[in-house]
file model_14.tsv (TSV, C-alpha atoms)
chain	number	residue	atom	x	y	z
A	1	MET	CA	-7.45	-6.49	23.65
A	2	ALA	CA	-6.00	-8.69	20.92
A	3	THR	CA	-8.71	-7.41	18.57
A	4	ARG	CA	-7.82	-3.80	19.38
A	5	LEU	CA	-4.15	-4.45	18.76
A	6	GLY	CA	-4.99	-6.15	15.50
A	7	HIS	CA	-6.98	-3.11	14.42
A	8	LEU	CA	-4.04	-0.87	15.30
A	9	VAL	CA	-1.64	-2.97	13.23
A	10	THR	CA	-4.08	-2.99	10.30
A	11	ALA	CA	-4.48	0.77	10.57
A	12	ASP	CA	-0.70	1.22	10.52
A	13	ILE	CA	-0.39	-0.78	7.31
A	14	ARG	CA	-3.15	1.27	5.68
A	15	MET	CA	-1.61	4.59	6.71
A	16	VAL	CA	1.78	3.56	5.35
A	17	ALA	CA	0.24	2.43	2.06
A	18	ARG	CA	-1.60	5.73	1.62
A	19	ASP	CA	1.43	7.98	2.24
A	20	PRO	CA	3.79	8.06	-0.79
A	21	LEU	CA	6.86	8.86	1.35
A	22	LEU	CA	6.19	6.16	3.93
A	23	ALA	CA	5.13	3.62	1.31
A	24	ILE	CA	8.51	3.68	-0.46
A	25	MET	CA	10.64	3.46	2.70
A	26	PRO	CA	10.13	-0.28	3.38
A	27	PHE	CA	11.41	-1.06	-0.12
A	28	ALA	CA	14.37	1.34	-0.07
A	29	PRO	CA	16.80	-1.14	1.58
A	30	LEU	CA	15.95	-3.82	-0.99
A	31	LEU	CA	16.49	-1.36	-3.83
A	32	ALA	CA	19.84	-0.42	-2.26
A	33	ALA	CA	20.81	-4.10	-2.13
A	34	VAL	CA	19.96	-4.53	-5.81
A	35	ALA	CA	21.95	-1.42	-6.71
A	36	MET	CA	24.97	-2.57	-4.70
A	37	ARG	CA	24.92	-5.99	-6.32
A	38	LEU	CA	24.93	-4.39	-9.77
A	39	ILE	CA	27.49	-1.64	-9.25
A	40	LEU	CA	29.99	-3.16	-6.78
A	41	PRO	CA	31.63	-5.67	-9.18
A	42	PRO	CA	32.40	-3.11	-11.93
A	43	ILE	CA	33.57	-0.53	-9.39
A	44	ALA	CA	35.74	-3.15	-7.70
A	45	GLY	CA	37.24	-4.12	-11.07
A	46	PHE	CA	38.05	-0.49	-11.86
A	47	LEU	CA	39.68	0.11	-8.46
A	48	LEU	CA	41.71	-3.08	-8.69
A	49	SER	CA	43.01	-2.38	-12.20
A	50	HIS	CA	43.77	1.32	-11.69
A	51	LEU	CA	44.61	1.61	-7.99
A	52	GLY	CA	45.36	-1.93	-6.94
A	53	PHE	CA	42.71	-1.74	-4.22
A	54	GLY	CA	40.74	-4.94	-3.68
A	55	LEU	CA	37.28	-3.68	-2.77
A	56	MET	CA	35.75	-7.15	-3.02
A	57	ALA	CA	37.85	-8.24	-0.06
A	58	TRP	CA	35.45	-6.12	1.98
A	59	SER	CA	32.29	-7.40	0.31
A	60	GLY	CA	31.31	-9.42	3.37
A	61	LEU	CA	31.51	-6.39	5.63
A	62	ILE	CA	29.55	-4.34	3.08
A	63	ARG	CA	26.87	-7.04	3.13
A	64	GLY	CA	26.76	-6.98	6.93
A	65	ILE	CA	26.29	-3.22	7.04
A	66	LEU	CA	23.57	-3.39	4.39
A	67	ILE	CA	21.67	-5.89	6.54
A	68	LEU	CA	21.31	-3.11	9.12
A	69	PHE	CA	19.59	-0.75	6.67
A	70	PRO	CA	15.97	-1.98	7.01
A	71	GLY	CA	15.98	-1.16	10.72
A	72	MET	CA	16.72	2.47	9.94
A	73	PHE	CA	14.04	2.85	7.27
A	74	TYR	CA	11.38	0.90	9.16
A	75	GLY	CA	12.21	2.94	12.26
A	76	MET	CA	11.60	6.12	10.30
A	77	VAL	CA	8.18	4.88	9.24
A	78	ALA	CA	7.24	3.95	12.80
A	79	GLY	CA	8.61	7.28	14.05
A	80	PHE	CA	6.49	9.36	11.70
A	81	LEU	CA	3.41	7.39	12.74
A	82	LEU	CA	4.22	7.98	16.42
A	83	LEU	CA	4.78	11.65	15.65
A	84	ASP	CA	1.37	11.96	14.00
A	85	ASP	CA	-0.33	10.14	16.87
A	86	ARG	CA	1.39	12.37	19.42
A	87	ASP	CA	0.29	15.57	17.70
A	88	ASP	CA	-3.27	14.30	17.11
A	89	GLY	CA	-3.67	13.11	20.69
A	90	ILE	CA	-4.16	9.49	19.61
A	91	ALA	CA	-1.33	8.29	21.84
A	92	ALA	CA	-3.12	9.78	24.85
A	93	TYR	CA	-6.35	8.07	23.77
A	94	TRP	CA	-4.76	4.61	23.71
A	95	SER	CA	-3.36	5.14	27.21
A	96	VAL	CA	-6.89	5.12	28.69
A	97	THR	CA	-8.09	2.06	26.76
A	98	PRO	CA	-7.64	-1.57	27.90
A	99	VAL	CA	-4.70	-1.77	25.51
A	100	ARG	CA	-2.88	0.87	27.56
A	101	ARG	CA	0.10	2.84	26.34
A	102	SER	CA	2.39	-0.16	26.66
A	103	GLY	CA	0.22	-2.22	24.32
A	104	TYR	CA	-0.01	0.66	21.88
A	105	LEU	CA	3.79	1.02	21.72
A	106	LEU	CA	4.26	-2.74	21.52
A	107	ALA	CA	1.96	-2.97	18.51
A	108	ARG	CA	3.29	0.11	16.76
A	109	LEU	CA	6.99	-0.65	17.26
A	110	GLY	CA	6.68	-4.43	17.21
A	111	LEU	CA	5.15	-4.56	13.73
A	112	PHE	CA	8.02	-2.72	12.10
A	113	THR	CA	10.69	-4.38	14.25
A	114	LEU	CA	9.52	-7.84	13.21
A	115	ALA	CA	9.21	-6.78	9.57
A	116	ALA	CA	12.81	-5.50	9.57
A	117	VAL	CA	14.23	-8.97	10.30
A	118	PRO	CA	13.17	-10.73	7.06
A	119	ALA	CA	13.92	-7.51	5.18
A	120	GLY	CA	17.50	-7.64	6.49
A	121	LEU	CA	17.86	-11.27	5.46
A	122	ALA	CA	16.46	-10.40	2.03
A	123	CYS	CA	19.13	-7.73	1.67
A	124	ALA	CA	21.82	-10.31	2.48
A	125	PHE	CA	20.42	-12.72	-0.08
A	126	ILE	CA	20.04	-10.07	-2.79
A	127	ILE	CA	23.49	-8.55	-2.51
A	128	GLY	CA	25.21	-11.95	-2.26
A	129	LEU	CA	28.91	-11.23	-2.92
A	130	GLY	CA	30.29	-14.25	-1.12
A	131	SER	CA	29.07	-17.20	0.87
A	132	LEU	CA	26.32	-16.43	3.37
A	133	ARG	CA	26.77	-17.36	7.02
A	134	TRP	CA	23.13	-17.60	7.99
A	135	ALA	CA	23.70	-17.60	11.77
A	136	ASP	CA	25.60	-14.32	11.52
A	137	GLU	CA	23.24	-12.96	8.90
A	138	LEU	CA	20.25	-13.68	11.15
A	139	THR	CA	22.00	-12.15	14.16
A	140	MET	CA	22.76	-9.00	12.19
A	141	ALA	CA	19.16	-8.84	10.95
A	142	VAL	CA	17.84	-9.06	14.52
A	143	LEU	CA	20.31	-6.44	15.78
A	144	GLY	CA	19.47	-4.25	12.80
A	145	ALA	CA	15.76	-4.55	13.59
A	146	LEU	CA	16.42	-3.15	17.07
A	147	GLN	CA	17.14	0.15	15.38
A	148	VAL	CA	13.39	0.52	14.78
A	149	PRO	CA	12.47	1.62	18.33
A	150	ILE	CA	15.57	3.85	18.48
A	151	TYR	CA	14.72	5.82	15.34
A	152	ALA	CA	11.00	5.82	16.08
A	153	LEU	CA	11.27	6.98	19.70
A	154	PHE	CA	13.92	9.57	18.83
A	155	LEU	CA	11.64	11.13	16.23
A	156	ALA	CA	8.59	11.06	18.49
A	157	ALA	CA	10.53	12.43	21.47
A	158	PHE	CA	12.43	15.29	19.85
A	159	ALA	CA	10.72	16.33	16.59
A	160	ALA	CA	8.19	19.13	16.83
A	161	ASN	CA	6.56	18.22	13.52
A	162	LYS	CA	7.12	16.21	10.35
A	163	VAL	CA	9.29	18.87	8.74
A	164	GLU	CA	11.60	18.92	11.74
A	165	GLY	CA	11.38	15.13	11.79
A	166	LEU	CA	12.84	14.94	8.28
A	167	SER	CA	15.78	17.05	9.42
A	168	ILE	CA	16.33	14.81	12.42
A	169	VAL	CA	16.21	11.73	10.21
A	170	LYS	CA	19.00	13.15	8.07
A	171	ALA	CA	21.10	13.80	11.19
A	172	LEU	CA	20.44	10.31	12.54
A	173	GLY	CA	21.82	8.87	9.33
A	174	ILE	CA	25.27	9.27	10.88
A	175	LEU	CA	24.48	6.29	13.12
A	176	ASN	CA	24.63	4.08	10.05
A	177	MET	CA	28.19	5.27	9.47
A	178	ALA	CA	29.24	3.97	12.89
A	179	PRO	CA	30.05	0.44	11.60
A	180	LEU	CA	32.72	1.97	9.38
A	181	ALA	CA	34.56	3.01	12.55
A	182	VAL	CA	35.80	-0.59	12.81
A	183	LEU	CA	38.18	0.34	10.00
A	184	LEU	CA	39.63	3.41	11.71
A	185	PRO	CA	43.17	3.10	13.08
A	186	GLY	CA	44.10	3.15	16.74
A	187	ALA	CA	42.06	5.15	19.22
A	188	MET	CA	39.95	6.68	16.45
A	189	GLY	CA	38.02	3.43	16.25
A	190	ARG	CA	36.72	4.07	19.76
A	191	LEU	CA	34.52	6.83	18.42
A	192	GLY	CA	32.04	4.11	17.47
A	193	TRP	CA	32.00	2.36	20.84
A	194	PRO	CA	28.82	4.06	22.22
A	195	VAL	CA	26.85	3.05	19.11
A	196	PRO	CA	25.35	-0.48	19.03
A	197	GLN	CA	25.71	-0.75	15.25
A	198	TYR	CA	29.48	-0.53	15.67
A	199	TRP	CA	29.62	-3.66	17.83
A	200	ALA	CA	27.24	-5.51	15.52
A	201	ALA	CA	29.57	-4.81	12.59
A	202	ALA	CA	32.64	-5.76	14.65
A	203	GLY	CA	31.08	-9.10	15.56
A	204	PHE	CA	30.14	-9.75	11.94
A	205	LEU	CA	33.65	-8.83	10.80
A	206	SER	CA	35.28	-11.26	13.22
A	207	GLY	CA	33.83	-14.27	11.39
A	208	LEU	CA	34.65	-13.19	7.86
A	209	GLN	CA	37.27	-15.04	5.84
A	210	GLY	CA	39.64	-13.63	3.25
A	211	LEU	CA	40.05	-10.17	4.73
A	212	PRO	CA	43.06	-8.13	3.64
A	213	ASP	CA	46.39	-8.77	5.36
A	214	GLY	CA	46.95	-6.91	8.59
A	215	VAL	CA	43.28	-6.77	9.56
A	216	PRO	CA	42.69	-8.45	12.94
A	217	ALA	CA	39.79	-10.83	13.50
A	218	VAL	CA	37.99	-8.26	15.62
A	219	ILE	CA	39.08	-4.65	15.21
A	220	HIS	CA	39.58	-2.35	18.21
A	221	LEU	CA	37.87	-4.69	20.66
A	222	PRO	CA	39.21	-5.13	24.19
A	223	PHE	CA	38.26	-8.79	23.80
A	224	GLN	CA	37.84	-11.25	20.98
A	225	GLY	CA	34.77	-13.17	19.83
A	226	SER	CA	31.73	-12.28	17.78
A	227	VAL	CA	29.33	-13.52	20.49
A	228	LEU	CA	30.66	-10.98	22.97
A	229	ALA	CA	30.51	-8.21	20.38
A	230	TYR	CA	26.94	-9.13	19.47
A	231	GLY	CA	26.02	-9.23	23.16
A	232	LEU	CA	27.47	-5.79	23.78
A	233	SER	CA	25.55	-4.49	20.78
A	234	GLY	CA	22.32	-5.85	22.25
A	235	LEU	CA	23.11	-4.29	25.66
A	236	LEU	CA	23.71	-0.89	24.11
A	237	TYR	CA	20.48	-1.19	22.14
A	238	ALA	CA	18.63	-1.82	25.41
A	239	ILE	CA	20.21	1.24	27.03
A	240	TRP	CA	19.41	3.47	24.05
A	241	ILE	CA	15.81	2.22	23.85
A	242	ALA	CA	15.18	2.63	27.58
A	243	THR	CA	16.60	6.16	27.57
A	244	LEU	CA	14.60	7.26	24.54
A	245	LEU	CA	11.42	5.62	25.86
A	246	ARG	CA	11.64	7.68	29.06
A	247	ARG	CA	12.17	10.83	27.02
A	248	TYR	CA	9.20	10.01	24.78
A	249	LEU	CA	6.89	9.34	27.72
A	250	ARG	CA	7.89	12.64	29.33
A	251	ARG	CA	7.05	14.36	26.05
A	252	LEU	CA	3.53	12.94	26.22
A	253	GLU	CA	2.94	14.21	29.75

call {"tool": "encode", "arguments": {"input": "model_14.tsv", "output": "structure tokens"}}
result
Amino acid sequence: MATRLGHLVTADIRMVARDPLLAIMPFAPLLAAVAMRLILPPIAGFLLSHLGFGLMAWSGLIRGILILFPGMFYGMVAGFLLLDDRDDGIAAYWSVTPVRRSGYLLARLGLFTLAAVPAGLACAFIIGLGSLRWADELTMAVLGALQVPIYALFLAAFAANKVEGLSIVKALGILNMAPLAVLLPGAMGRLGWPVPQYWAAAGFLSGLQGLPDGVPAVIHLPFQGSVLAYGLSGLLYAIWIATLLRRYLRRLE
């Protein structure tokens, strides 16, 4: 069984390398981190001198959100592979092998989920912009990696084909805007509550130093503490994954 799973992982890597679209996706978050590191300081200087807005005061939060990016891109890659396997009947084939469907999904989703963790940490290191808090950075990288099964299962469950999958991917991009809801005033911030990325960003924000005046340690939370926010993020991830997994399995039947 271990040999079969190893072959599946190897096949995934080969398929990603051969597809130009999929091959660039794992590197997209790192390129975004490089771009942000280069353009943020001059933009921040312009805003400060002309508008008096201190963008760099939010650099830590920007770094935290960027750490979440690899999970989205790696999830897209895994989702397109699941979509191809579903249409080609390969997913049904694995369900009758000793690996079973559970082993197939574990290998396919596990590879990209694990890969998203060091990619998230690499994004934190590349963008810099302040002192790194490695415990929080690692937590955010792990929570960001949990986006992989969400994006992958959503694509495989709802997309009819790759063309439709690309449209769905664009729509799902709004989930990455959810962390910005921590900055919304009053009840508007609650719009992000159902999304796990929101709570991950709120937990990360609670430990940042040097935030602008008037910004609470944890924004719009009914409690305080990054550990609780991170825990709620993990719980919501579990609910999302379980719901989408059921929908995906029904699609295969």

call {"tool": "closest_residue", "arguments": {"input": "model_14.tsv", "among": "A:Leu235, A:Ala33, A:Phe80, A:Trp134", "to": "Asp19 (chain A)", "atoms": "all atoms listed in the file"}}
result
A:Phe80

call {"tool": "residues_around", "arguments": {"input": "model_14.tsv", "residues": "Gly64 (chain A)", "least_positions_apart": "4", "cutoff": "12 Å", "atoms": "all atoms listed in the file", "output": "PyMOL selection string"}}
result
chain A and resi 33+58-60+68-70+120-125+127-130+132-134+136-144+176+179-180+197-208

call {"tool": "closest_residue", "arguments": {"input": "model_14.tsv", "among": "A:Ala135, A:Met25, A:Ser49, A:Arg100", "to": "Ser226 (chain A)", "atoms": "only C-alpha atoms"}}
result
A:Ala135

call {"tool": "residues_around", "arguments": {"input": "model_14.tsv", "residues": "region 73-77 of chain A", "least_positions_apart": "5", "cutoff": "10 Å", "atoms": "only C-alpha atoms", "output": "PyMOL selection string"}}
result
chain A and resi 12+16+21-29+68+82-83+109+111-116+119+145-155+165-166+169

call {"tool": "axis_aligned_box", "arguments": {"input": "model_14.tsv", "around": "region 58-71 of chain A", "padding_each_side": "6 Å", "output": "JSON"}}
result
{"center_x": 25.7, "center_y": -5.1, "center_z": 5.5, "size_x": 31.5, "size_y": 20.7, "size_z": 22.4}

call {"tool": "closest_residue", "arguments": {"input": "model_14.tsv", "among": "A:Met177, A:Ala238, A:Leu66, A:Leu252", "to": "Phe158 (chain A)", "atoms": "all atoms listed in the file"}}
result
A:Leu252

call {"tool": "atom_distance", "arguments": {"input": "model_14.tsv", "atom1": "CA of Ala156 (chain A)", "atom2": "CA of Ser233 (chain A)"}}
result
23.1 Å

call {"tool": "atom_distance", "arguments": {"input": "model_14.tsv", "atom1": "CA of Ala178 (chain A)", "atom2": "CA of Pro196 (chain A)"}}
result
8.5 Å

call {"tool": "closest_residue", "arguments": {"input": "model_14.tsv", "among": "A:Ala242, A:Ile126, A:Ala171, A:Val9", "to": "Leu31 (chain A)", "atoms": "all atoms listed in the file"}}
result
A:Ile126

call {"tool": "residues_near_point", "arguments": {"input": "model_14.tsv", "point": "(4.2, 16.1, 25.6)", "cutoff": "12 Å", "atoms": "all atoms listed in the file", "output": "PyMOL selection string"}}
result
chain A and resi 83+85-89+91-92+156-160+246-253

call {"tool": "closest_residue", "arguments": {"input": "model_14.tsv", "among": "A:Met15, A:Ile39, A:Ile241, A:Val195", "to": "Leu175 (chain A)", "atoms": "only C-alpha atoms"}}
result
A:Val195

call {"tool": "decode", "arguments": {"input": "model_14.tsv", "residues": "region 42-79 of chain A", "atoms": "N, CA and C atoms", "output": "mmCIF file, in the first residue's frame"}}
result
data_model
loop_
_atom_site.group_PDB
_atom_site.id
_atom_site.type_symbol
_atom_site.label_atom_id
_atom_site.label_comp_id
_atom_site.auth_asym_id
_atom_site.auth_seq_id
_atom_site.Cartn_x
_atom_site.Cartn_y
_atom_site.Cartn_z
ATOM 1 N N PRO A 42 8.223 51.645 -0.847
ATOM 2 C CA PRO A 42 8.000 52.905 -1.571
ATOM 3 C C PRO A 42 6.545 53.369 -1.545
ATOM 4 N N ILE A 43 5.611 52.429 -1.624
ATOM 5 C CA ILE A 43 4.195 52.811 -1.554
ATOM 6 C C ILE A 43 3.879 53.398 -0.183
ATOM 7 N N ALA A 44 4.417 52.753 0.862
ATOM 8 C CA ALA A 44 4.188 53.254 2.219
ATOM 9 C C ALA A 44 4.772 54.649 2.391
ATOM 10 N N GLY A 45 5.953 54.893 1.819
ATOM 11 C CA GLY A 45 6.561 56.220 1.901
ATOM 12 C C GLY A 45 5.730 57.271 1.196
ATOM 13 N N PHE A 46 5.179 56.921 0.041
ATOM 14 C CA PHE A 46 4.331 57.856 -0.705
ATOM 15 C C PHE A 46 3.066 58.185 0.083
ATOM 16 N N LEU A 47 2.402 57.143 0.641
ATOM 17 C CA LEU A 47 1.171 57.371 1.391
ATOM 18 C C LEU A 47 1.421 58.193 2.644
ATOM 19 N N LEU A 48 2.561 57.960 3.291
ATOM 20 C CA LEU A 48 2.857 58.695 4.515
ATOM 21 C C LEU A 48 3.133 60.169 4.230
ATOM 22 N N SER A 49 3.863 60.436 3.156
ATOM 23 C CA SER A 49 4.238 61.822 2.846
ATOM 24 C C SER A 49 3.088 62.624 2.247
ATOM 25 N N HIS A 50 2.193 61.966 1.516
ATOM 26 C CA HIS A 50 1.126 62.698 0.832
ATOM 27 C C HIS A 50 -0.219 62.632 1.566
ATOM 28 N N LEU A 51 -0.463 61.517 2.259
ATOM 29 C CA LEU A 51 -1.759 61.360 2.917
ATOM 30 C C LEU A 51 -1.649 61.213 4.433
ATOM 31 N N GLY A 52 -0.436 61.046 4.914
ATOM 32 C CA GLY A 52 -0.259 60.866 6.346
ATOM 33 C C GLY A 52 -0.712 59.515 6.852
ATOM 34 N N PHE A 53 -0.852 58.556 5.947
ATOM 35 C CA PHE A 53 -1.300 57.208 6.331
ATOM 36 C C PHE A 53 -0.098 56.300 6.490
ATOM 37 N N GLY A 54 0.035 55.706 7.677
ATOM 38 C CA GLY A 54 1.171 54.833 7.949
ATOM 39 C C GLY A 54 0.897 53.387 7.591
ATOM 40 N N LEU A 55 1.111 53.045 6.334
ATOM 41 C CA LEU A 55 0.838 51.685 5.864
ATOM 42 C C LEU A 55 1.727 50.659 6.562
ATOM 43 N N MET A 56 2.958 51.037 6.881
ATOM 44 C CA MET A 56 3.874 50.070 7.470
ATOM 45 C C MET A 56 3.445 49.643 8.862
ATOM 46 N N ALA A 57 2.546 50.394 9.478
ATOM 47 C CA ALA A 57 2.015 49.964 10.773
ATOM 48 C C ALA A 57 1.220 48.676 10.643
ATOM 49 N N TRP A 58 0.767 48.391 9.425
ATOM 50 C CA TRP A 58 0.001 47.182 9.160
ATOM 51 C C TRP A 58 0.836 46.099 8.477
ATOM 52 N N SER A 59 2.144 46.289 8.429
ATOM 53 C CA SER A 59 2.989 45.340 7.700
ATOM 54 C C SER A 59 2.920 43.942 8.299
ATOM 55 N N GLY A 60 2.799 43.856 9.621
ATOM 56 C CA GLY A 60 2.702 42.541 10.244
ATOM 57 C C GLY A 60 1.452 41.801 9.822
ATOM 58 N N LEU A 61 0.333 42.506 9.770
ATOM 59 C CA LEU A 61 -0.918 41.886 9.339
ATOM 60 C C LEU A 61 -0.834 41.488 7.869
ATOM 61 N N ILE A 62 -0.216 42.340 7.052
ATOM 62 C CA ILE A 62 -0.026 42.008 5.633
ATOM 63 C C ILE A 62 0.796 40.727 5.509
ATOM 64 N N ARG A 63 1.842 40.607 6.326
ATOM 65 C CA ARG A 63 2.664 39.399 6.302
ATOM 66 C C ARG A 63 1.840 38.170 6.694
ATOM 67 N N GLY A 64 1.000 38.319 7.715
ATOM 68 C CA GLY A 64 0.180 37.190 8.149
ATOM 69 C C GLY A 64 -0.776 36.721 7.072
ATOM 70 N N ILE A 65 -1.398 37.669 6.374
ATOM 71 C CA ILE A 65 -2.319 37.299 5.300
ATOM 72 C C ILE A 65 -1.573 36.633 4.158
ATOM 73 N N LEU A 66 -0.373 37.121 3.849
ATOM 74 C CA LEU A 66 0.407 36.539 2.764
ATOM 75 C C LEU A 66 0.798 35.095 3.076
ATOM 76 N N ILE A 67 0.994 34.788 4.355
ATOM 77 C CA ILE A 67 1.333 33.412 4.737
ATOM 78 C C ILE A 67 0.216 32.447 4.343
ATOM 79 N N LEU A 68 -1.009 32.944 4.258
ATOM 80 C CA LEU A 68 -2.143 32.088 3.903
ATOM 81 C C LEU A 68 -2.191 31.762 2.414
ATOM 82 N N PHE A 69 -1.499 32.540 1.590
ATOM 83 C CA PHE A 69 -1.608 32.398 0.143
ATOM 84 C C PHE A 69 -1.246 31.018 -0.401
ATOM 85 N N PRO A 70 -0.157 30.374 0.060
ATOM 86 C CA PRO A 70 0.182 29.075 -0.537
ATOM 87 C C PRO A 70 -0.943 28.060 -0.437
ATOM 88 N N GLY A 71 -1.698 28.077 0.655
ATOM 89 C CA GLY A 71 -2.800 27.125 0.788
ATOM 90 C C GLY A 71 -3.806 27.246 -0.332
ATOM 91 N N MET A 72 -4.078 28.477 -0.757
ATOM 92 C CA MET A 72 -5.022 28.696 -1.849
ATOM 93 C C MET A 72 -4.467 28.133 -3.158
ATOM 94 N N PHE A 73 -3.238 28.487 -3.493
ATOM 95 C CA PHE A 73 -2.672 28.059 -4.771
ATOM 96 C C PHE A 73 -2.432 26.552 -4.808
ATOM 97 N N TYR A 74 -1.927 25.986 -3.709
ATOM 98 C CA TYR A 74 -1.703 24.544 -3.682
ATOM 99 C C TYR A 74 -3.032 23.795 -3.708
ATOM 100 N N GLY A 75 -4.062 24.391 -3.103
ATOM 101 C CA GLY A 75 -5.394 23.790 -3.150
ATOM 102 C C GLY A 75 -5.954 23.772 -4.561
ATOM 103 N N MET A 76 -5.675 24.828 -5.323
ATOM 104 C CA MET A 76 -6.105 24.851 -6.717
ATOM 105 C C MET A 76 -5.459 23.726 -7.511
ATOM 106 N N VAL A 77 -4.161 23.536 -7.297
ATOM 107 C CA VAL A 77 -3.451 22.474 -8.011
ATOM 108 C C VAL A 77 -4.059 21.118 -7.671
ATOM 109 N N ALA A 78 -4.245 20.853 -6.383
ATOM 110 C CA ALA A 78 -4.836 19.580 -5.973
ATOM 111 C C ALA A 78 -6.251 19.430 -6.514
ATOM 112 N N GLY A 79 -7.003 20.537 -6.557
ATOM 113 C CA GLY A 79 -8.373 20.485 -7.047
ATOM 114 C C GLY A 79 -8.452 20.130 -8.521
#
